Every structure is written in C-alpha cells, then in structure tokens.
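start.txt (compact mmCIF, C-alpha atoms)
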# COMPACT_ATOMS: atom_id res chain seq x y z
CA MET A 929 22.25 -73.21 30.26
CA ASN A 930 21.04 -72.02 33.67
CA ASN A 931 18.94 -68.93 34.35
CA LYS A 932 21.81 -66.62 35.25
CA LEU A 933 23.79 -67.46 32.14
CA PHE A 934 20.70 -67.00 29.97
CA HIS A 935 20.10 -63.51 31.33
CA THR A 936 23.74 -62.52 30.87
CA VAL A 937 23.67 -63.64 27.24
CA ALA A 938 20.26 -62.06 26.62
CA GLU A 939 21.41 -58.71 28.06
CA LYS A 940 24.26 -58.54 25.56
CA HIS A 941 21.81 -58.88 22.69
CA ASN A 942 19.31 -56.27 23.95
CA PRO A 943 19.20 -53.20 21.72
CA PRO A 944 20.64 -50.26 23.67
CA ARG A 945 18.04 -47.68 24.70
CA PRO A 946 18.79 -44.66 22.51
CA LEU A 947 18.54 -42.15 25.36
CA LEU A 948 20.73 -39.49 23.80
CA LYS A 949 18.95 -39.67 20.48
CA ASN A 950 15.54 -39.46 22.19
CA CYS A 951 16.62 -36.42 24.18
CA VAL A 952 18.03 -34.64 21.14
CA MET A 953 14.89 -35.35 19.10
CA SER A 954 12.56 -34.22 21.87
CA PHE A 955 14.65 -31.06 22.35
CA ILE A 956 14.49 -30.18 18.67
CA PHE A 957 10.83 -30.98 18.06
CA GLY A 958 9.66 -29.52 21.37
CA GLY A 959 11.72 -26.41 20.74
CA VAL A 960 10.33 -26.03 17.24
CA ILE A 961 6.73 -26.31 18.47
CA CYS A 962 7.38 -23.68 21.15
CA ALA A 963 9.23 -21.40 18.74
CA PHE A 964 6.34 -21.73 16.30
CA GLY A 965 4.01 -20.91 19.18
CA GLN A 966 6.09 -17.80 19.85
CA CYS A 967 5.69 -16.76 16.19
CA ILE A 968 1.94 -17.20 16.56
CA SER A 969 2.04 -15.11 19.74
CA LEU A 970 3.94 -12.33 17.97
CA PHE A 971 1.40 -12.48 15.15
CA TYR A 972 -1.46 -12.01 17.63
CA LEU A 973 0.43 -9.24 19.44
CA TYR A 974 0.95 -7.28 16.23
CA PHE A 975 -2.32 -7.70 14.45
CA PHE A 976 -4.81 -8.15 17.27
CA ASP A 977 -5.64 -6.54 20.56
CA PHE A 978 -3.89 -9.00 22.89
CA SER A 979 -1.22 -8.01 25.40
CA GLU A 980 1.73 -10.18 26.39
CA GLU A 981 -0.30 -11.39 29.38
CA THR A 982 -3.36 -12.49 27.45
CA VAL A 983 -1.75 -13.73 24.24
CA GLY A 984 -1.29 -17.25 25.62
CA ASP A 985 -4.97 -18.10 25.10
CA PRO A 986 -5.27 -17.56 21.33
CA THR A 987 -1.81 -19.09 20.86
CA VAL A 988 -2.90 -22.33 22.55
CA ALA A 989 -6.19 -22.39 20.65
CA THR A 990 -4.41 -21.90 17.32
CA LEU A 991 -1.88 -24.63 18.11
CA ILE A 992 -4.67 -27.07 18.96
CA LEU A 993 -6.43 -26.19 15.71
CA ILE A 994 -3.25 -27.01 13.80
CA THR A 995 -2.96 -30.21 15.86
CA MET A 996 -6.45 -31.21 14.73
CA LEU A 997 -5.40 -30.90 11.09
CA LEU A 998 -2.17 -32.80 11.64
CA THR A 999 -3.94 -35.54 13.63
CA GLY A 1000 -6.75 -35.87 11.13
CA PHE A 1001 -4.35 -36.37 8.26
CA GLY A 1002 -2.33 -38.87 10.25
CA VAL A 1003 0.79 -36.70 10.21
CA TYR A 1004 0.97 -36.09 13.96
CA ASP A 1005 1.47 -39.74 14.85
CA LYS A 1006 4.38 -40.05 12.43
CA ILE A 1007 6.04 -36.99 13.96
CA ALA A 1008 5.33 -38.27 17.49
CA GLN A 1009 7.14 -41.53 16.78
CA ILE A 1010 10.39 -39.66 16.13
CA ALA A 1011 9.93 -36.83 18.55
CA GLY A 1012 8.89 -38.66 21.71
CA ALA A 1013 8.33 -36.19 24.52
CA GLY A 1014 8.86 -33.31 22.09
CA THR A 1015 5.31 -33.74 20.88
CA MET A 1016 3.81 -34.93 24.16
CA VAL A 1017 4.84 -32.13 26.51
CA PRO A 1018 3.54 -29.14 24.54
CA VAL A 1019 -0.18 -28.53 24.69
CA THR A 1020 -0.34 -29.99 21.17
CA GLY A 1021 0.18 -33.40 22.80
CA PHE A 1022 -2.87 -32.86 24.99
CA GLY A 1023 -4.85 -31.74 21.95
CA ASN A 1024 -3.68 -34.75 19.96
CA ALA A 1025 -4.69 -37.14 22.75
CA VAL A 1026 -8.21 -35.71 22.84
CA ILE A 1027 -8.65 -35.38 19.08
CA ALA A 1028 -7.14 -38.76 18.22
CA SER A 1029 -9.43 -40.46 20.75
CA ALA A 1030 -12.41 -38.66 19.28
CA ILE A 1031 -11.60 -39.68 15.72
CA GLU A 1032 -10.70 -43.26 16.61
CA HIS A 1033 -13.90 -44.00 18.49
CA LYS A 1034 -16.19 -42.36 15.96
CA SER A 1035 -17.03 -45.79 14.59
CA GLU A 1036 -18.70 -46.62 17.90
CA GLY A 1037 -21.10 -43.74 17.53
CA TYR A 1038 -20.92 -40.14 18.74
CA VAL A 1039 -22.51 -40.45 22.15
CA LEU A 1040 -20.86 -43.59 23.47
CA GLY A 1041 -17.86 -43.71 21.17
CA VAL A 1042 -16.67 -40.13 20.87
CA GLY A 1043 -18.28 -38.86 24.06
CA GLY A 1044 -17.32 -41.84 26.18
CA ASN A 1045 -13.68 -41.95 25.10
CA ILE A 1046 -12.67 -38.40 24.33
CA PHE A 1047 -10.95 -37.91 27.67
CA LYS A 1048 -9.46 -41.38 27.97
CA LEU A 1049 -5.87 -40.19 27.66
CA ALA A 1050 -6.30 -36.63 28.84
CA GLY A 1051 -8.34 -37.46 31.93
CA SER A 1052 -5.41 -37.94 34.27
CA VAL A 1053 -3.94 -34.58 33.28
CA ILE A 1054 -7.18 -32.76 34.07
CA LEU A 1055 -7.85 -34.76 37.23
CA PHE A 1056 -4.48 -34.21 38.84
CA GLY A 1057 -4.15 -30.70 37.51
CA VAL A 1058 -7.44 -29.53 38.99
CA PHE A 1059 -7.05 -31.38 42.26
CA ALA A 1060 -3.46 -30.27 42.83
CA SER A 1061 -4.39 -26.68 41.95
CA PHE A 1062 -7.31 -26.83 44.38
CA VAL A 1063 -5.04 -27.97 47.22
CA ILE A 1064 -2.29 -25.50 46.36
CA ALA A 1065 -4.69 -22.57 46.07
CA LEU A 1066 -6.23 -23.45 49.45
CA ILE A 1067 -2.80 -23.76 51.07
CA LYS A 1068 -1.73 -20.42 49.66
CA LEU A 1069 -4.91 -18.71 50.84
CA ILE A 1070 -4.68 -20.15 54.32
CA LEU A 1071 -1.02 -19.22 54.67
CA THR A 1072 -1.47 -15.57 53.58
CA MET B 1249 4.91 -25.57 2.71
CA ARG B 1250 2.38 -22.75 2.71
CA PHE B 1251 2.74 -22.49 6.50
CA LEU B 1252 6.44 -21.96 6.03
CA TYR B 1253 5.79 -19.11 3.60
CA LEU B 1254 3.32 -17.58 6.07
CA CYS B 1255 5.93 -17.72 8.84
CA LEU B 1256 8.60 -16.23 6.60
CA ALA B 1257 6.26 -13.46 5.51
CA THR B 1258 5.42 -12.66 9.13
CA LEU B 1259 9.11 -12.55 10.02
CA VAL B 1260 9.84 -10.24 7.08
CA ILE B 1261 7.05 -7.91 8.18
CA LEU B 1262 8.35 -7.94 11.75
CA THR B 1263 11.93 -7.18 10.78
CA SER B 1264 10.86 -4.42 8.42
CA CYS B 1265 9.06 -2.64 11.25
CA ALA B 1266 12.06 -0.40 11.87
CA PRO B 1267 11.85 1.27 15.26
CA SER B 1268 12.00 5.03 15.25
CA GLU B 1269 15.21 6.79 16.22
CA ASP B 1270 15.73 7.13 19.95
CA THR B 1271 14.84 10.48 21.43
CA THR B 1272 17.19 12.09 23.93
CA PHE B 1273 14.83 11.03 26.71
CA ASP B 1274 15.08 7.41 25.55
CA THR B 1275 18.86 7.51 25.29
CA SER B 1276 19.32 8.96 28.76
CA LEU B 1277 16.97 6.34 30.19
CA LYS B 1278 18.93 3.58 28.48
CA GLN B 1279 22.20 4.94 29.87
CA GLN B 1280 20.75 5.05 33.34
CA TYR B 1281 19.32 1.55 33.16
CA PRO B 1282 21.60 -0.77 31.17
CA GLU B 1283 19.07 -3.61 31.33
CA LEU B 1284 16.81 -1.78 28.87
CA ASP B 1285 16.98 -3.11 25.32
CA THR B 1286 14.28 -1.01 23.68
CA VAL B 1287 12.56 2.12 24.94
CA GLU B 1288 9.62 3.88 23.36
CA SER B 1289 8.18 6.85 25.17
CA ILE B 1290 5.42 9.40 24.79
CA ILE B 1291 5.77 12.71 26.58
CA THR B 1292 2.98 15.23 26.65
CA ASP B 1293 2.37 18.18 28.96
CA ASP B 1294 0.69 16.03 31.61
CA VAL B 1295 1.74 12.46 30.89
CA ILE B 1296 4.94 10.48 30.53
CA TYR B 1297 4.47 6.97 29.17
CA VAL B 1298 7.46 4.66 28.83
CA ALA B 1299 7.18 1.29 27.13
CA MET B 1300 10.22 -0.94 27.36
CA ILE B 1301 11.69 -4.28 26.46
CA VAL B 1302 14.42 -5.49 28.81
CA THR B 1303 17.33 -7.79 27.98
CA PRO B 1304 16.36 -11.48 27.93
CA LEU B 1305 18.02 -12.53 31.19
CA LYS B 1306 16.45 -9.67 33.10
CA GLN B 1307 12.98 -10.53 31.85
CA PHE B 1308 12.34 -12.56 34.99
CA VAL B 1309 12.13 -9.31 36.91
CA GLU B 1310 10.92 -7.03 34.10
CA GLN B 1311 7.74 -6.01 35.93
CA GLN B 1312 9.80 -4.97 38.96
CA ILE B 1313 12.17 -2.99 36.71
CA ALA B 1314 9.21 -1.20 35.12
CA GLU B 1315 7.86 -0.32 38.56
CA ASP B 1316 11.25 0.98 39.76
CA ILE B 1317 11.61 3.18 36.68
CA LYS B 1318 8.06 4.44 37.20
CA ASN B 1319 8.74 5.47 40.79
CA ASP B 1320 12.04 7.03 39.78
CA LEU B 1321 10.51 9.10 36.99
CA GLN B 1322 7.57 10.12 39.18
CA LYS B 1323 10.04 11.63 41.64
CA LYS B 1324 11.94 13.41 38.88
CA TYR B 1325 8.84 14.81 37.18
CA PRO B 1326 6.22 15.29 39.89
CA ALA B 1327 4.05 17.46 37.67
CA HIS B 1328 3.47 14.63 35.17
CA GLU B 1329 1.52 11.40 35.49
CA VAL B 1330 4.01 8.61 34.87
CA TYR B 1331 3.12 5.20 33.45
CA THR B 1332 5.47 2.40 32.48
CA SER B 1333 5.03 -0.99 30.90
CA SER B 1334 7.32 -3.94 30.20
CA ASP B 1335 4.70 -5.51 27.96
CA MET B 1336 5.78 -6.01 24.34
CA LYS B 1337 2.31 -4.92 23.29
CA ALA B 1338 2.88 -1.51 24.84
CA VAL B 1339 5.97 -1.00 22.68
CA ILE B 1340 4.00 -1.97 19.56
CA GLU B 1341 1.14 0.37 20.47
CA VAL B 1342 3.41 3.32 21.31
CA ARG B 1343 5.09 3.01 17.92
CA ARG B 1344 1.69 3.06 16.25
CA VAL B 1345 -0.02 5.79 18.28
CA GLU B 1346 -0.89 9.04 16.57
CA GLN B 1347 -0.01 12.39 18.04
CA PRO B 1348 -1.75 14.20 19.69
CA LEU B 1349 -2.54 11.55 22.27
CA SER B 1350 -6.29 11.03 22.66
CA THR B 1351 -7.86 9.97 25.97
CA ASP B 1352 -8.91 6.61 24.52
CA ALA B 1353 -5.40 5.88 23.30
CA LEU B 1354 -4.00 6.82 26.71
CA ASP B 1355 -6.51 4.58 28.51
CA LYS B 1356 -5.51 1.70 26.27
CA LEU B 1357 -1.83 2.29 27.00
CA LYS B 1358 -2.56 2.54 30.72
CA SER B 1359 -4.08 -0.95 30.60
CA TYR B 1360 -0.60 -2.32 29.88
CA ASP B 1361 0.85 -0.77 33.05
CA GLN B 1362 1.07 -3.81 35.31
CA SER B 1363 1.74 -1.86 38.50
CA LEU B 1364 -1.64 -0.16 38.11
CA GLU B 1365 -3.34 -3.54 38.09
CA LYS B 1366 -1.54 -4.42 41.30
CA GLU B 1367 -2.78 -1.22 42.93
CA ASP B 1368 -6.34 -2.22 42.12
CA GLU B 1369 -6.00 -5.59 43.81
CA MET C 688 11.55 -9.36 19.61
CA LEU C 689 13.01 -12.00 17.37
CA VAL C 690 15.23 -13.06 20.29
CA SER C 691 12.06 -14.22 22.01
CA ILE C 692 11.66 -16.91 19.34
CA LEU C 693 15.13 -18.28 20.10
CA VAL C 694 14.54 -18.17 23.86
CA SER C 695 11.23 -20.00 23.56
CA PHE C 696 12.91 -22.62 21.34
CA ILE C 697 15.60 -23.33 23.92
CA VAL C 698 13.35 -23.26 26.99
CA GLY C 699 10.61 -25.34 25.35
CA GLY C 700 13.19 -27.83 24.14
CA LEU C 701 14.71 -28.17 27.61
CA ILE C 702 11.33 -28.79 29.21
CA CYS C 703 10.66 -31.51 26.65
CA VAL C 704 14.04 -33.10 27.37
CA CYS C 705 13.07 -33.26 31.06
CA GLY C 706 9.89 -35.01 30.03
CA GLN C 707 11.86 -37.43 27.88
CA LEU C 708 14.19 -38.22 30.79
CA ILE C 709 11.24 -38.94 33.07
CA ILE C 710 9.92 -41.43 30.54
CA ASP C 711 13.24 -43.06 29.61
CA VAL C 712 15.36 -42.90 32.76
CA PHE C 713 12.69 -43.11 35.43
CA LYS C 714 10.64 -45.51 33.30
CA GLN C 715 7.27 -43.78 33.71
CA THR C 716 4.29 -43.63 31.39
CA PRO C 717 3.58 -40.50 29.34
CA ALA C 718 0.36 -39.98 31.32
CA PHE C 719 2.37 -39.91 34.55
CA MET C 720 4.88 -37.48 33.09
CA LEU C 721 2.19 -35.10 31.85
CA SER C 722 0.25 -35.22 35.11
CA LEU C 723 3.49 -34.56 37.00
CA PHE C 724 4.26 -31.58 34.80
CA VAL C 725 0.83 -30.06 35.35
CA VAL C 726 1.23 -30.44 39.10
CA ILE C 727 4.70 -28.85 38.89
CA GLY C 728 3.14 -25.94 37.00
CA SER C 729 0.55 -25.55 39.76
CA ILE C 730 3.22 -25.61 42.48
CA LEU C 731 5.37 -23.06 40.64
CA ASP C 732 2.47 -20.67 40.34
CA GLY C 733 1.61 -21.19 43.99
CA LEU C 734 5.16 -20.05 44.74
CA GLY C 735 4.74 -17.10 42.36
CA LEU C 736 7.53 -18.33 40.10
CA TYR C 737 5.64 -19.19 36.93
CA GLU C 738 4.60 -15.67 35.88
CA PRO C 739 8.21 -14.38 35.76
CA PHE C 740 9.03 -17.55 33.86
CA ILE C 741 6.39 -16.62 31.26
CA ASP C 742 7.82 -13.08 31.08
CA PHE C 743 11.18 -14.62 30.24
CA ALA C 744 10.35 -17.49 27.94
CA GLY C 745 7.08 -16.41 26.31
CA ALA C 746 5.69 -19.34 24.39
CA GLY C 747 8.45 -21.55 25.82
CA ALA C 748 6.48 -21.35 29.07
CA THR C 749 2.89 -21.08 27.86
CA VAL C 750 2.95 -23.90 25.30
CA PRO C 751 4.14 -26.81 27.49
CA ILE C 752 1.48 -28.54 29.53
CA MET C 753 2.90 -26.98 32.72
CA SER C 754 1.10 -23.76 31.85
CA PHE C 755 -2.19 -25.60 32.43
CA GLY C 756 -1.30 -25.99 36.08
CA ASN C 757 -0.27 -22.34 36.22
CA ALA C 758 -3.54 -21.20 34.64
CA LEU C 759 -5.63 -23.33 36.99
CA VAL C 760 -4.00 -21.95 40.14
CA HIS C 761 -3.95 -18.43 38.76
CA GLY C 762 -7.65 -18.47 37.97
CA ALA C 763 -8.47 -19.96 41.36
CA LEU C 764 -6.44 -17.36 43.25
CA GLU C 765 -7.72 -14.41 41.21
CA GLU C 766 -11.33 -15.35 41.88
CA ALA C 767 -10.56 -16.04 45.53
CA GLU C 768 -9.36 -12.44 45.89
CA GLN C 769 -12.75 -11.24 44.78
CA SER C 770 -15.10 -13.79 46.31
CA GLY C 771 -13.23 -15.29 49.24
CA ILE C 772 -12.28 -18.91 49.64
CA ILE C 773 -15.17 -20.22 47.53
CA GLY C 774 -13.50 -18.39 44.65
CA VAL C 775 -11.05 -21.28 44.38
CA ILE C 776 -13.83 -23.46 42.99
CA ILE C 777 -15.47 -20.69 40.95
CA GLY C 778 -12.36 -19.42 39.21
CA MET C 779 -10.45 -22.64 38.48
CA PHE C 780 -11.28 -22.95 34.79
CA GLN C 781 -11.44 -19.25 33.96
CA LEU C 782 -7.98 -19.04 32.45
CA THR C 783 -7.67 -22.59 31.13
CA SER C 784 -10.83 -22.22 29.10
CA ALA C 785 -8.89 -21.68 25.86
CA GLY C 786 -6.96 -24.94 26.03
CA ILE C 787 -9.70 -27.29 27.16
CA THR C 788 -12.49 -25.76 25.09
CA SER C 789 -10.45 -25.81 21.92
CA ALA C 790 -9.37 -29.42 22.53
CA ILE C 791 -13.02 -30.48 22.95
CA VAL C 792 -14.38 -28.38 20.09
CA PHE C 793 -11.67 -29.36 17.63
CA GLY C 794 -11.92 -32.95 18.83
CA MET C 795 -15.58 -32.98 17.85
CA ILE C 796 -14.92 -31.18 14.57
CA GLY C 797 -12.14 -33.66 13.89
CA ALA C 798 -14.47 -36.57 14.56
CA LEU C 799 -16.99 -35.04 12.16
CA LEU C 800 -14.47 -34.42 9.41
CA PHE C 801 -11.95 -37.21 9.54
CA LYS C 802 -12.14 -40.97 9.17
CA PRO C 803 -10.60 -43.25 11.78
CA LYS C 804 -7.49 -45.10 10.71
CA SER C 805 -8.74 -48.58 11.62

Could you show the structure in this file as structure tokens?
Amino acid sequence: MNNKLFHTVAEKHNPPRPLLKNCVMSFIFGGVICAFGQCISLFYLYFFDFSEETVGDPTVATLILITMLLTGFGVYDKIAQIAGAGTMVPVTGFGNAVIASAIEHKSEGYVLGVGGNIFKLAGSVILFGVFASFVIALIKLILT
Amino acid sequence: MRFLYLCLATLVILTSCAPSEDTTFDTSLKQQYPELDTVESIITDDVIYVAMIVTPLKQFVEQQIAEDIKNDLQKKYPAHEVYTSSDMKAVIEVRRVEQPLSTDALDKLKSYDQSLEKEDE
Amino acid sequence: MLVSILVSFIVGGLICVCGQLIIDVFKQTPAFMLSLFVVIGSILDGLGLYEPFIDFAGAGATVPIMSFGNALVHGALEEAEQSGIIGVIIGMFQLTSAGITSAIVFGMIGALLFKPKS
C-alpha cells in the first residue's frame, strides 16, 4: 500500500466533523446565556437604579459570579463540551477561563500558582483588546 | 432548579406590571410616529417628559428618534421644557413617579435624556 | 420588554455561531477567536456602530466578549474628550472595570472555596 492509497483509505474512515451540530449547539447555548443575561438586566432595571446604558456592568458581574459557582462545582466544563463556542464567546467564557485557572493551580500555592497562572488563558484577550483599542482610539482622535 | 423559579417569578412580576391606559397625548404621538411601541408621558404646566420604547428593528436609531420627537414637540409647545428618552429605565420610572412631580424626580428623569448628555459634551 | 429577551437570544446565538465557524471552518484556536472578537468590538465602537447595536440587542450585545472591546474604546474616547490625547491611556479600563474586576475577585474567591479537580 503506497502513501496515496493509505491517505485515501484513511480519509474514508475519518469521523465527519459535526459542523452543523456544533453550530446549532453554540447557537442555543450562547442564545440562552444572552437571554438569561437580558433577564438579569431587566431585573436590575426594575429593582435598582441602573439605566439601560449602565446596566451592562452589574449584568456582567452577576454572570461571572454565576460562572464561578458553575466552574467550582465542575458543571461549566460539562456544558462547555456540548456547547462549544456557545460558552466561550459570552463573557462567562472569559470568567470561566480565569476562575478555572485559579482553582486548578491552587495546589501550587496562591502566589505562584494562582497568581502566576490566573491570566494564562485570558491574557491574549486582554492584551489584544487593550492594544487594539489604544490604536483605534488614537486613530479616531487624530482623524477628528 | 431554584434559579428557574427565580426567573419565572421575575417574568410573572414583569408581565403583571400592566401599563396604564394611553392618554390622548400618547395616542396622538403614536399615530404620528408609527415606530413607537410604548409611550409614557408626564405633562405639567412647565414640563413635557416623554419616555418611549420603539419597535425592535428601529432600536438601532432609537436615540435619533427620541431627539427628533423632542425637537418636534419643542416647536409645538414652545412654552414648555421638553425632554424625551428612549431608555427603558425612563419608561419604568415614569410609570412609578408620583404626581405632583418633584424637582428631584424631574432631575432623575432628565438624566435619562440622552440628547442632554450630548449637549454637555 | 419581553421581546428584548427573544432578540438577545437570537443575536447572542448568532454571534456564538460566528465564533463556532471561526474555530471549525477556519481551524483557529479559541484564544484566537476571542481575541479577534474583542478587536472587532473595538473597531465597531471606533466606527460608532456598537452603541446602536447595544440599543437593539441589549444583553445580546453586552454579554459576548465583543463588548469588552467596545467598553475599552468607549472609556478611552470619553476620557480623551476631557483630558486630551493622554485620556486614551487614563480612561481605557474605566468601563471594563466590572468584567475584569469580577473575574479576578471571583477567581480568587473560587480558589479559596473550591478544590481543584486533579
């Protein structure tokens, strides 16, 4: 059996990438998290002194608090396996990355373990977010 | 499971907050501007305050709609101070506010008028 | 008002599908996808498009990670209006404080409360 024939046979036996299923799952789970976030926003609008413009802050904080509980009890990872991007894209994914790192590296001590690793997964988001925003804000200011 | 009950309870409370009947001012405003879904207004001797929720697709430009209505009403009623808001919070507050309108309550409602913030900038 | 829940469900779901496509079709890592989304959020706010998007979709626009980029640029520009160009550096984290602070604080609390899996 030569190389080419091997690859042709191997390709036939590769499990097909379930793209449609992944997209449907991420749509549903991502949508549910955002809809739940909207319920939280409405709650803060009704019972607290936030306006539609400022209600995003307590909503995000509340969602990350819930993420901490789900991550701590190991539930978030199980949901993330099914939901794919549906749990990564919302800010809960960012929270989970930070909190899961913190919990995982606790055994190495708080300073080096938790402190040294807490931004391992979230670091690139903050780095590129801040740097891109810096450049974009400068461009906008220079142009206007 | 308890979270689900909390969500359901919140939804029940929200749906039971029946909006008050539309005044004639509200109805005429809705006829003039079909993109308005909900209108709650306060009219005193010196002040007209209109809080609105626009239809979902028009929400991209809701702040512009609020500003247009404000300018329109200011021309129609030059003797009054006119304030408008497309913020959902303004609608909630207007439904809750007690008559007669105190200065503090009015200041709070004015804070939801986004075109005022733009004037400050 | 209840319509806003449906709108945020649909919009949030669609954004997540885009993220899924970037990972599956374009074969990128999740870290790349998230960083890309934050940068997209920054660009959209630079163009003035993200705020109307939030007016429309509510939590469907503030919950995805793109709103981080929006908040960073927004804070930078707001402070720049008051303090000049140095405001870009001063104001950057003003509006993102909620997300990052809560992630750090709850991360620490989580580390204090929970046991690692391994």

Residue list for chain C near chain A as a count of residues only, 7 Å, only C-alpha atoms: 47

Using all atoms listed in the file, which chain B residues lie at most 7 Å away from chain A, written as a count of residues only? 4

Quote the spacing between atom CA of Asp1316 of chain B and atom CA of Ser1333 of chain B in Å to one decimal place.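 Atom CA of Ser1333 of chain B lies 11.0 Å from atom CA of Asp1316 of chain B.
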
Distance cut-off 7 Å, counting all atoms listed in the file - which residues of chain B neighbour chain C? Return them as a compact mmCIF listing (two decimals) with C-alpha atoms, keeping the file's coordinate frame.
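So result-v7.txt came out as:
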# COMPACT_ATOMS: atom_id res chain seq x y z
CA PRO B 1304 16.36 -11.48 27.93
CA GLN B 1307 12.98 -10.53 31.85
CA PHE B 1308 12.34 -12.56 34.99
CA VAL B 1309 12.13 -9.31 36.91

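Counting from atom CA of Gly1041 of chain A, the distance to atom CA of Tyr1004 of chain A is 21.6 Å.
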
Atomic distance atom CA of Lys1318 of chain B - atom CA of Tyr1297 of chain B, expressed in Å with one decimal: 9.2 Å

Neighbour list for Lys1366 of chain B as a CSV table (one decimal) with C-alpha atoms, in the coordinates of the input, cut-off 12 Å, all atoms listed in the file, skip fewer than 4 positions in-chain:
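So out13.csv came out as:
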chain,number,residue,atom,x,y,z
B,1311,GLN,CA,7.7,-6.0,35.9
B,1312,GLN,CA,9.8,-5.0,39.0
B,1315,GLU,CA,7.9,-0.3,38.6
B,1359,SER,CA,-4.1,-1.0,30.6
B,1360,TYR,CA,-0.6,-2.3,29.9
B,1361,ASP,CA,0.8,-0.8,33.0
B,1362,GLN,CA,1.1,-3.8,35.3
C,765,GLU,CA,-7.7,-14.4,41.2

Using all atoms listed in the file, which residues sit within 8 Å of Val1302 of chain B once same-chain residues fewer than 3 positions away are excluded, as a PyMOL selection string? chain B and resi 1283-1286+1306-1307+1310+1334

Using the file's own x, y and z axes, so that the box edges lie along x, y and z, what centre and edge lengths in Å (one decimal) does a box around every listed atom of segment 1063-1071 of chain A get when 8 Å is added on each side? Give it as JSON.
{"center_x": -3.6, "center_y": -23.3, "center_z": 50.4, "size_x": 21.2, "size_y": 25.3, "size_z": 24.6}
